[in-house]
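Encoded as structure tokens, the structure appears first; notes follow it.
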Amino acid sequence: MTLRIAYVSELAESVSRTDLDGIVRHSAEANEARGVTGVLGVEGARVCQILEGPEEEVTRLFERIRADARHHHVVEIDRRAVAAPHFGRWGMVRRSMVDMLMLALTQP
């Protein structure tokens, strides 16, 4: 089963744009190795992320995100099985919040 989890959070004040770029680069590589794909929307300190992939991998990753001190107020907003990953070509990519929401809202 392919699982999709969407969540919102707030970045810790200590997380810089350079840190965020590094997180996205590292996540893209690590996620690809695990069969996880996704998109990260950032606006100021607000974050919205969609993760997709094998149920066990996505669940494990989301639990690590919840425990990560670089995030506060992590709130899961959607969890569902999907027929296939929408973000299959991206291990992780950062987009503007508006672009990310448009991508998410146009998918079944």
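Each chain in the structure tokens gets a letter, A, B and so on, in the order shown; residues start at 1 in every chain, and ligands are counted from 1 in the order they appear.
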Discussion item. Which residues are near Val8 (chain A)? Cut-off 6 Å, only C-alpha atoms, ignore same chain within fewer than 6 positions. Put them as an MDAnalysis selection string.
Written reply: chainID A and resid 47:48 74:75
Worksheet entry | region 51-60 of chain A surroundings by only C-alpha atoms, 9 Å radius, close-in-sequence under 2 positions cut, as a list of chain:residue names |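 Residues meeting the cut-off are A:Met1, A:Thr2, A:Leu3, A:Arg4, A:Ile5, A:Ala6, A:Tyr7, A:Asn31, A:Arg34, A:Gly35, A:Val36, A:Thr37, A:Gly38, A:Val39, A:Leu40, A:Gln49, A:Phe62, A:Glu63, A:Arg64, A:Ile65, A:Ala81, A:Val82, A:Ala84, A:Pro85, A:His86, A:Phe87, A:Gly88, A:Met92.
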Export of prior selection with C-alpha atoms as an mmCIF file, in the first residue's frame:
```
data_model
loop_
_atom_site.group_PDB
_atom_site.id
_atom_site.type_symbol
_atom_site.label_atom_id
_atom_site.label_comp_id
_atom_site.auth_asym_id
_atom_site.auth_seq_id
_atom_site.Cartn_x
_atom_site.Cartn_y
_atom_site.Cartn_z
ATOM 1 C CA MET A 1 0.000 0.000 0.000
ATOM 2 C CA THR A 2 1.182 3.525 -0.782
ATOM 3 C CA LEU A 3 0.496 5.851 2.136
ATOM 4 C CA ARG A 4 0.196 9.633 1.912
ATOM 5 C CA ILE A 5 0.577 11.747 5.047
ATOM 6 C CA ALA A 6 0.204 15.523 5.021
ATOM 7 C CA TYR A 7 1.141 17.620 8.018
ATOM 8 C CA ASN A 31 13.839 9.280 0.985
ATOM 9 C CA ARG A 34 13.505 4.225 1.130
ATOM 10 C CA GLY A 35 11.008 4.653 -1.714
ATOM 11 C CA VAL A 36 9.514 7.781 -0.097
ATOM 12 C CA THR A 37 8.643 10.859 -2.141
ATOM 13 C CA GLY A 38 7.165 14.197 -1.238
ATOM 14 C CA VAL A 39 6.953 17.913 -1.366
ATOM 15 C CA LEU A 40 7.672 20.535 1.273
ATOM 16 C CA GLN A 49 4.669 18.656 3.861
ATOM 17 C CA PHE A 62 6.621 10.890 10.172
ATOM 18 C CA GLU A 63 7.300 9.708 13.735
ATOM 19 C CA ARG A 64 10.901 10.938 13.395
ATOM 20 C CA ILE A 65 9.611 14.288 12.128
ATOM 21 C CA ALA A 81 -3.918 5.189 1.031
ATOM 22 C CA VAL A 82 -3.317 6.241 -2.561
ATOM 23 C CA ALA A 84 0.236 5.500 -6.682
ATOM 24 C CA PRO A 85 2.572 8.232 -5.471
ATOM 25 C CA HIS A 86 1.995 11.595 -7.103
ATOM 26 C CA PHE A 87 5.481 12.868 -6.335
ATOM 27 C CA GLY A 88 7.224 9.811 -7.780
ATOM 28 C CA MET A 92 11.873 15.553 -1.630
#
```
Worksheet item: Do you have the CA of His26 (chain A)-CA of Gly44 (chain A) distance handy?
Response: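 Computed distance, CA of His26 (chain A) to CA of Gly44 (chain A), equals 20.7 Å.
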Fill in: Selected residue, from A:Arg17, A:Ser9, A:Arg79, A:Ala45, that lies nearest to Ala67 (chain A) when counting only C-alpha atoms
A:Ser9
Item to complete: Check the smallest atom-to-atom distance from each of A:Ala33, A:Arg46, A:Ile23, A:Ala28 to His72 (chain A) using only C-alpha atoms, then report the winner.
Response: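 Ranking A:Ala33, A:Arg46, A:Ile23, A:Ala28 by distance to His72 (chain A), first place goes to A:Arg46.
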